[in-house]
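Enquirer: Questions regarding the structure given below will be posed in turn.
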Amino acid sequence: MSGGIRLLPALALLIGISAAAALLWTLIAPGLLAPEVSGYDAARMRLLHSTLPRLATALIAGFALSLAGALLQQVLRNPLASPTTLGVSAGAHLALAVAMLFFPVLLGLGRDVVALVGAGLAAALVMALGARRGFSPLTLVLSGLVIGLWSGALAAVLIYLNDRRMVSLFIWGAGSLATQSWEAPLALLWKTGLLALACGFLLRPLTLLELGDEEASALGLKLGRTRFLALALAVGLSALVTSAVGVIGFIGLVAPLLARLLGARRVPALLLSSGLIGALLLLTTDALLQIVAGMFSDLLPTGAVTAIFGSPLLLLLLSRLKIRREAFVRAPPAPPRRGDLRTGFALLCAALAVLLVLALFLGRETGGGWSFGAEMLSLRAPRVFSALAAGAMLAVSGLLLQRLTGNEMASPEVLGVSSGATLGLALGVFLLATPGFAAQLGFAGLGAFAVLAAILISTRRSALAPERVLLVGIALSALVDALVGLMAATGDPRALTILRWMSGSTYGAEASGAALLCGAAVVLILPALLARRWLDLLPLGPETASALGIPVRSARLRLFALAGALSATATLGLGPLSFVGLMAPHLARELGFSRAASQTAAAALTGAGLMVAADWIGRTVVFPWQIPAGLTAALLGAPFLILLLFRRGRT
Amino acid sequence: MSFDPSSLTRRALLAAAPAAGLLGLAPALAQGAPRVVSLDYGLSSTLLGLGAPPVGISELAGWSEWVVEPAMPPGVAELGISSEPNLEVLARLKPDLILATSWLDAQIPRLERFAPVLRLETFIWTGTPILEAAISATRAVAARIGREVEAEALLDRMEEVFAESRARLAGRARKSAALIHFWDSRHVRISADPSLFNDVLLRIGVRNAWPESTGPWGFQTLPVEELSRISDPEALLLVFEPVPKDVFRTLDRSPLWRALPIAQPGRIRPLPPVLLFGMVNEAMRFARLVTEAMEAEA
């Protein structure tokens, strides 16, 4: 690296620091320059006990999160690792939300502990999933973002079901740095300070780690212990910040990246400069926000805003990231189960039939008892059949994406099409205040297809490299999450409409809509069945597939478009949060259906069954209240899916 | 099915009232009283105020926590969350009329299959002051279920409550107040113009100490330190209950809060919960509670 290359970043840093200084002055000046007032001096009090401690909080939180990000990136050798991208902050947030709603006693014991447990669990889960692919950067980030989005969405829906308490939880989820005394920053300072000092002991081991695993262990380094300690410190730092101020998105990703761009190479320099840059970055952002918020006089949570600026940065980063193809070499498919596949299909169909009968005829009485009968058929049928169609479509969409990318964490929820639909709906709600059903569907559809088009265009140059498509989708999902959080934190009741839709309820299903969805399912699943040769051969890699006579580029383009259409249609009917698209293909393979055609059919049946079951459970368990089907499916399905992935990992 | 409250003039209503009232008092008709389902707390409470309890309401479970009074009589069916009332329960209730707000516009076509829907604008700012909108909505509901006399009685009672509050507060030195609700120890919701609360304050001769108007919902979420923008030295700080447990514990250690003029011990008064998006009953409850709070010795 020559000095000339670093000139530009250095200049940028200088400009950044000057901008920060100017912003700070704008904030502080009114308090400093205000004439002496006898009695209560509002300007000075605000400066001393609100503005300054808030800026201190920004510095400390920014430093801690960026240090955590740098540690994670260093130890995982992954430029995309950070508290946000690995789901650590979201895990802490979910734990705090659950504790607040269901076990308020736990919060009394200490928010820090609750946040640590949540962050630790999320991190452990991500690491365990990542370990199965030798900690490949993309698998880690995929698992992390899936778990992060799942936690965020789950926290959001929990809040929706407790809507009258929602604002306080949302402010926290969106990360507000507001404070009215020095108490919070000082507490955060000594806690994170201790952890930051502990990082000092890891400098030498981490430097050794740079040499590569063999060299490092030859020099006497205990690899496992070093990695564990570094991860634990990073998780601890992020959990402390989250429990104090909420989720601050993407600072921990961006700051280490800037440090590297500025030329920091050695471990001590990298950790320290990341921390300092992060502190400066969050300080500047927050100062700017305070000035802007002063003009609009409304709450702008800092964490959501950093996420809104951070996720496009993730997109930019993606284009520079060199993705190692070998990370995606597929594990050999599970050997087909002995025995007749026809028996398997018969069993699946029978199970679906039983579920359909239950869902259509078995319900609850107003008094609470159960009743079996056709009395409510006209009310239940549209919901049951739209759940069925949406489940089948999501499942097939997930299967297409998993086969196209060779990545088992791929799914329409992850692709970002669902997020696009959510964003479209949010736009509709804000433009029209109370849009009717048709308008909601229209806006959601527009958003879904806009994202699809954006993904196809932005990845055209990389020949639709599957891993890029997925990461683009994830960055978009994070963006949507932040926007909805921002809206909800201001207490705007319109946020409820969006949350309701995100929770994946079949409530709005009409007979005509259900029929349309079923028709769409048939029309869109059929081509997937017909494309079985492509789907069998594409996972073998582009070279092999091409040698076997498959037009790789156009095949991929068409299959992606098909997957997008499937998930957009299903999302319109069922919201973005079911995770059925992720689960059903795995279940189908576990049941022994490994060839493309049979797996497609089995996944469709499984997905349909899962959604019908989820819808029925959601309608009956807390009757007359109802849990949205998408949420039920995610709640029941996610732990199950994680078990499944672990089991497959061991064999 | 939509209904435009502005098309009803007071005179037309008064002219119709005696006849309807006579009919409404006839026991035969009382027995055949319309079975009404209400999907909004404010409208449900208005039905109670008109002496016509609903057969089912949404979010019955939270009634005693968020609305408090008037008490919901036993035997009313629970319909679950307001935004997605349980249609199976609705079908079994066989209502004659469903009351909904513009908030449920997306569901109204679906609801109309079970009974005619009366859609009312009660809490969103559309140019009419919120209290006036609540009054027209009350009359609209009453006209629909033949309870015009009761409606006028309810509205008269409201005027009396306002007049009494106004008289009681007239002699007091402190006649302005800020209304806050603590989200957590760092953030508050402040009620301002245009809101039901603001309109009631105007009627009982109390000035809202928060100087700014807010968006269409009548409240703003702010960090606590923004309360220093309240400059009126006479203003009281009315704090809606329930306050999260750790709020005052944390704030009492904050020099900013301790020095904040409006947060001085003599100026803070607790205010029992009042439904934020309420109607006439809530306006009366609010007027009474504010009067009591402002009269209370700190």
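As shown in the structure tokens, the chain order sets the letters A, B, ...; within each chain, residues go from 1, and ligands are also counted from 1 in the order they appear.
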Among segment 21-195 of chain B, which ones does DSSP place in strand (DSSP E or B), written as a ChimeraX atom specification?
Expert: /B:36-38,56-57,77-78,97-101,117-120,176-182,187-191,193
Enquirer: Next, write the just-selected residues to a file, as a tab-separated table (two decimals), in the first residue's frame, keeping C-alpha atoms as the atom set.
Expert:
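Resulting contents of again-v1.tsv:
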```tsv
chain	number	residue	atom	x	y	z
B	36	VAL	CA	-75.24	-3.73	18.16
B	37	VAL	CA	-71.62	-4.80	17.86
B	38	SER	CA	-68.97	-2.12	18.36
B	56	GLY	CA	-70.25	-7.76	21.55
B	57	ILE	CA	-67.15	-5.56	21.42
B	77	ALA	CA	-69.12	-11.11	23.85
B	78	GLU	CA	-65.40	-10.72	23.14
B	97	LEU	CA	-75.74	-3.10	13.33
B	98	ILE	CA	-71.95	-2.89	13.47
B	99	LEU	CA	-70.23	0.31	14.58
B	100	ALA	CA	-66.77	0.91	13.11
B	101	THR	CA	-64.37	3.78	12.63
B	117	VAL	CA	-72.00	-1.01	9.18
B	118	LEU	CA	-72.15	2.52	10.53
B	119	ARG	CA	-68.75	4.09	9.88
B	120	LEU	CA	-67.77	7.05	12.02
B	176	SER	CA	-52.63	25.81	32.15
B	177	ALA	CA	-51.40	22.24	31.98
B	178	ALA	CA	-49.30	19.90	29.88
B	179	LEU	CA	-50.52	16.32	29.40
B	180	ILE	CA	-47.90	13.63	29.21
B	181	HIS	CA	-47.69	9.88	29.22
B	182	PHE	CA	-44.34	8.20	29.91
B	187	HIS	CA	-39.47	9.38	26.24
B	188	VAL	CA	-42.93	10.87	26.68
B	189	ARG	CA	-46.06	11.21	24.61
B	190	ILE	CA	-47.49	14.70	24.85
B	191	SER	CA	-51.09	15.52	23.90
B	193	ASP	CA	-53.87	20.28	19.36
```
Enquirer: Based on DSSP run over this structure's backbone, return all residues of segment 87-120 of chain B in alpha helix (DSSP H), as a PyMOL selection string.
Expert: chain B and resi 87-93+108-111
Enquirer: For atom CA of Phe162 of chain B and atom CA of Phe240 of chain B, determine how far apart the two atoms are, in Å to one decimal place.
Expert: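 A separation of 20.1 Å between them.
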Enquirer: Please, which residues of chain B lie no more than 6 Å from chain A when the count uses only C-alpha atoms, and can they be set out as a PyMOL selection string?
Expert: chain B and resi 79-80+106+183+221-222+254+256
Enquirer: Write the residues you've just listed into a file as a PDB file, in the first residue's frame, and include C-alpha atoms for each of them.
Expert:
```pdb
ATOM      1  CA  LEU B  79     -64.483 -10.283  19.477  1.00  0.00           C
ATOM      2  CA  GLY B  80     -60.698 -10.166  19.837  1.00  0.00           C
ATOM      3  CA  ALA B 106     -60.216  -2.180   4.889  1.00  0.00           C
ATOM      4  CA  TRP B 183     -43.346   5.569  27.321  1.00  0.00           C
ATOM      5  CA  THR B 221     -43.415  11.352  21.013  1.00  0.00           C
ATOM      6  CA  LEU B 222     -40.509  13.328  22.485  1.00  0.00           C
ATOM      7  CA  SER B 254     -31.404  13.273  36.629  1.00  0.00           C
ATOM      8  CA  LEU B 256     -32.092  17.990  34.230  1.00  0.00           C
TER       9      LEU B 256
END
```
Enquirer: Residues at most 12 Å from Leu237 of chain B, counting only C-alpha atoms, excluding those fewer than 3 positions away in the same chain, as a PyMOL selection string?
Expert: chain B and resi 174-182+190-191+208-210+227-228+230+232-234+240+260-271+290+293-294+298
Enquirer: Only C-alpha atoms, please: the residues just picked out, written as a PDB file, in the first residue's frame.
Expert:
```pdb
ATOM      1  CA  ARG B 174     -52.874  27.898  37.760  1.00  0.00           C
ATOM      2  CA  LYS B 175     -54.902  27.554  34.597  1.00  0.00           C
ATOM      3  CA  SER B 176     -52.633  25.812  32.150  1.00  0.00           C
ATOM      4  CA  ALA B 177     -51.401  22.242  31.983  1.00  0.00           C
ATOM      5  CA  ALA B 178     -49.303  19.898  29.879  1.00  0.00           C
ATOM      6  CA  LEU B 179     -50.520  16.321  29.405  1.00  0.00           C
ATOM      7  CA  ILE B 180     -47.900  13.627  29.212  1.00  0.00           C
ATOM      8  CA  HIS B 181     -47.685   9.880  29.223  1.00  0.00           C
ATOM      9  CA  PHE B 182     -44.341   8.198  29.908  1.00  0.00           C
ATOM     10  CA  ILE B 190     -47.491  14.699  24.852  1.00  0.00           C
ATOM     11  CA  SER B 191     -51.086  15.520  23.905  1.00  0.00           C
ATOM     12  CA  ASN B 208     -52.667  23.504  26.936  1.00  0.00           C
ATOM     13  CA  ALA B 209     -49.131  24.420  27.996  1.00  0.00           C
ATOM     14  CA  TRP B 210     -47.593  22.577  25.039  1.00  0.00           C
ATOM     15  CA  LEU B 227     -40.368  19.414  28.149  1.00  0.00           C
ATOM     16  CA  SER B 228     -38.056  22.337  28.892  1.00  0.00           C
ATOM     17  CA  ILE B 230     -42.799  24.612  28.126  1.00  0.00           C
ATOM     18  CA  ASP B 232     -45.480  28.943  31.090  1.00  0.00           C
ATOM     19  CA  PRO B 233     -44.407  29.337  34.733  1.00  0.00           C
ATOM     20  CA  GLU B 234     -47.925  28.570  35.967  1.00  0.00           C
ATOM     21  CA  PHE B 240     -51.195   9.875  32.886  1.00  0.00           C
ATOM     22  CA  LEU B 260     -37.000  21.344  35.120  1.00  0.00           C
ATOM     23  CA  PRO B 261     -39.453  24.018  36.303  1.00  0.00           C
ATOM     24  CA  ILE B 262     -42.531  22.074  35.270  1.00  0.00           C
ATOM     25  CA  ALA B 263     -41.256  18.949  37.033  1.00  0.00           C
ATOM     26  CA  GLN B 264     -41.016  20.615  40.439  1.00  0.00           C
ATOM     27  CA  PRO B 265     -42.798  18.619  43.156  1.00  0.00           C
ATOM     28  CA  GLY B 266     -45.590  21.169  43.479  1.00  0.00           C
ATOM     29  CA  ARG B 267     -46.390  21.071  39.797  1.00  0.00           C
ATOM     30  CA  ILE B 268     -46.692  17.375  38.941  1.00  0.00           C
ATOM     31  CA  ARG B 269     -50.085  15.712  39.329  1.00  0.00           C
ATOM     32  CA  PRO B 270     -50.945  12.104  38.506  1.00  0.00           C
ATOM     33  CA  LEU B 271     -53.924  11.597  36.219  1.00  0.00           C
ATOM     34  CA  VAL B 290     -58.268  17.115  35.171  1.00  0.00           C
ATOM     35  CA  ALA B 293     -55.962  16.942  39.588  1.00  0.00           C
ATOM     36  CA  MET B 294     -55.689  20.693  39.222  1.00  0.00           C
ATOM     37  CA  ALA B 298     -49.516  18.841  45.653  1.00  0.00           C
TER      38      ALA B 298
END
```
Enquirer: Choose the residue, out of B:Val247, B:Leu275, B:Ala192, B:Leu154, that has the smallest atom-to-atom separation from Phe219 of chain B; count only C-alpha atoms.
Expert: B:Ala192
Enquirer: Which residues are close to segment 480-482 of chain A, i.e. within 7 Å by only C-alpha atoms, leaving aside same-chain residues fewer than 4 positions away? Reply as a list in words.
Expert: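 Using only C-alpha atoms, the neighbours found are Ala304, Ala307, Ile308, Ser419, Leu423, Leu476 and Leu486 of chain A.
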Enquirer: Calculate how many Å separate atom CA of Ala128 of chain A from atom CA of Val114 of chain A, rounding to one decimal.
Expert: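 Atom CA of Ala128 of chain A sits 21.1 Å away from atom CA of Val114 of chain A.
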Enquirer: If you count only C-alpha atoms, which residues fall within 8 Å of Glu150 of chain B, apart from same-chain ones fewer than 5 positions away, as a list of chain:residue names?
Expert: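 Non-adjacent residues within range: B:Gly21, B:Gly49, B:Leu50, B:Gly51, B:Ala142.
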Enquirer: Just to confirm, what's the straight-line distance from atom CA of Arg553 of chain A to atom CA of Leu404 of chain A in Å (one decimal)?
Expert: 11.3 Å
Enquirer: With a distance cut-off of 10 Å and only C-alpha atoms, select the neighbouring residues of segment 236-243 of chain A, excluding the residue or stretch itself and same-chain residues fewer than 3 positions from it, and output the selection as a ChimeraX atom specification.
Expert: /A:57,60-69,82-84,88-93,95-96,110-120,172-173,175,187-189,191-196,230-233,246-248,252
Enquirer: Pick from B:Asn86, B:Ser195, B:Ser45, B:Thr250: nearest to Trp66 of chain B, with only C-alpha atoms counted?
Expert: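 When distances to Trp66 of chain B are compared using only C-alpha atoms, the smallest one comes from B:Ser45.
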